[in-house]
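Q: The structure is given below, and queries will be raised subsequently.
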Amino acid sequence: MMVVPALFPYRLVRGLMVAAGVLYCSLLLELAAGFPLDLRNSMLSELAALDQPTSSYARAMDLATGILLVVAAVLARSAARMHRDVAGLLVSTALFGVGTMFTVFLPLDCAPSLSQACLESEDSGRAGLALFLHATLSTIAGIGCVAMAVFILLVLRRVGPGGRWGWTAGVAAGAALASQIWLTVAIGIQELRGDDAHPPGILQRASVVLVCLMLATVMPGLKQALRR
């Protein structure tokens with residue numbers, strides 16, 4: 001019988017993942033700041049734009065999230081020998097963390113939803129290399145997040161959910177995965193068609209909440225599943 005706590009410091013890793021889930025939930029910062037962005041037309045990354053008063057707080061939250069995810073993955077690395085799906089989960093968690101961490105060092109110069117000049121600068125490509133690298137790192141984080149959700153579902157499918165926390169983690173991972181795919185498709189359609197009729201702001205915020213729930217429930221969910 002496989003017992004997770006014997007393989008690595010389970011409580012510490014669980015605490016790191018829960019803390020990462022809380023810190024990644026930038027809606028809390030948006031709420032504390034009095035919703036400075038248009039919920040429908042903006043993306044949460046704009047909270048970290050250099051021209052925003054929330055910039056330092058948003059970047060600190062993302063940096064801390066990334067560090068916590070990487071540290072948690074490293075501490076739990078001995079669990080990788082359980083199964084390749086568990087190994088994939090740890091690698092994707094670290095990838096999510098690295099992408100999130102390094103976007104902090106390449107923030108947006110301005111919030112496009114609040115400035116027409118900023119939006120036009122992005123659309124015309126004048127924003128330059130920093131914007132490209134920011135988008136690349138965000139994509140890496142997104143790939144890590146999607147892969148993490150997939151591997152959570154694979155692990156739970158292999159061993160069974162094993163209790164309410166297992167079911168909660170599975171539902172959170174499934175919902176986060178679906179919302180991330182939906183968001184990617186919505187943004188892609190908007191970019192290709194230049195269609196501003198259905199901005200993805202609300203969808204992105206819902207997706208972030210689901211990802212936060214996934215991060216906070218993955219360890220208790222997998223613990224019960226693997227001890228079944």
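In the structure tokens, the first chain shown is A, the next is B, and so on; residue numbers restart at 1 for each chain, and ligands run from 1 in the order shown.
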Determine, using only C-alpha atoms, which residues of range 29-68 of chain A have any atom at most 10 Å from an atom of range 9-16 of chain A, and tabulate each with its shortest atom pair and distance in Å to one decimal place, rows ordered by chain and then rising number, as a tab-separated table.

A:
residue	atom	partner	partner_atom	distance
A:Thr65	CA	A:Leu16	CA	9.0
A:Ile67	CA	A:Leu16	CA	9.5
A:Leu68	CA	A:Leu16	CA	5.7

Q: Please produce an output containing N, CA and C atoms for each residue in the selection, written as a compact mmCIF listing (two decimals), in the first residue's frame.

A:
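Output file selection-v3.txt follows:
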# COMPACT_ATOMS: atom_id res chain seq x y z
N THR A 65 3.97 32.70 -5.64
CA THR A 65 3.28 31.52 -6.15
C THR A 65 4.24 30.61 -6.89
N ILE A 67 7.53 30.42 -6.76
CA ILE A 67 8.53 29.84 -5.88
C ILE A 67 7.94 28.68 -5.08
N LEU A 68 6.74 28.88 -4.54
CA LEU A 68 6.09 27.84 -3.74
C LEU A 68 5.82 26.59 -4.56

Q: Identify, on the basis of only C-alpha atoms, every residue whose closest approach to Leu203 in chain A does not exceed 8 Å; exclude the query and any residue fewer than 4 positions from it along the same chain; express the result as a list in words.

A: Ser179, Leu183 and Ser207 of chain A

Q: What are the DSSP helix (DSSP H, G or I) residues of range 5-217 of chain A, as a ChimeraX atom specification?

A: /A:5-7,10-24,27-32,44-48,55-75,77-81,84-103,116-124,129-159,164-193,201-217

Q: List the spatial neighbours of range 149-153 of chain A as a VMD selection string - criterion: any atom at most 9 Å away, only C-alpha atoms, same-chain residues fewer than 5 positions off excluded.

A: chain A and resid 85 to 90 92 144 158 169 to 177 211 214 218 222

Q: Given only C-alpha atoms as the basis, pick out the residue of A:Val22, A:Met219, A:Leu108, A:Leu114 nearest to Leu39 in chain A.

A: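 With only C-alpha atoms as the atom set, the closest residue is A:Leu114.
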
Q: Any idea what's packed within 6 Å of Ala141 in chain A, counting only C-alpha atoms, ignoring anything in its chain fewer than 4 positions away? Could you give it as a PyMOL selection string?

A: chain A and resi 96+99-100

Q: Expressed in Å to a single decimal, how great is the separation between CA of Ala76 in chain A and CA of Phe8 in chain A?

A: 5.5 Å

Q: Report, in Å to a single decimal, how far apart CA of Ile143 in chain A and CA of Pro112 in chain A are.

A: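 For CA of Pro112 in chain A relative to CA of Ile143 in chain A, the distance reads 23.8 Å.
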
Q: For a test of reading the model, state the distance in Å between CA of Leu31 in chain A and CA of Trp182 in chain A, rounded to one decimal.

A: 24.3 Å

Q: Set the distance at 8 Å and use only C-alpha atoms: which residues neighbour Val104 in chain A once local chain neighbours fewer than 4 positions away are removed? I'd like the list as a list of chain:residue names.

A: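 Close residues of Val104 in chain A: A:Arg59, A:Ala60, A:Asp62, A:Leu63, A:Thr100.
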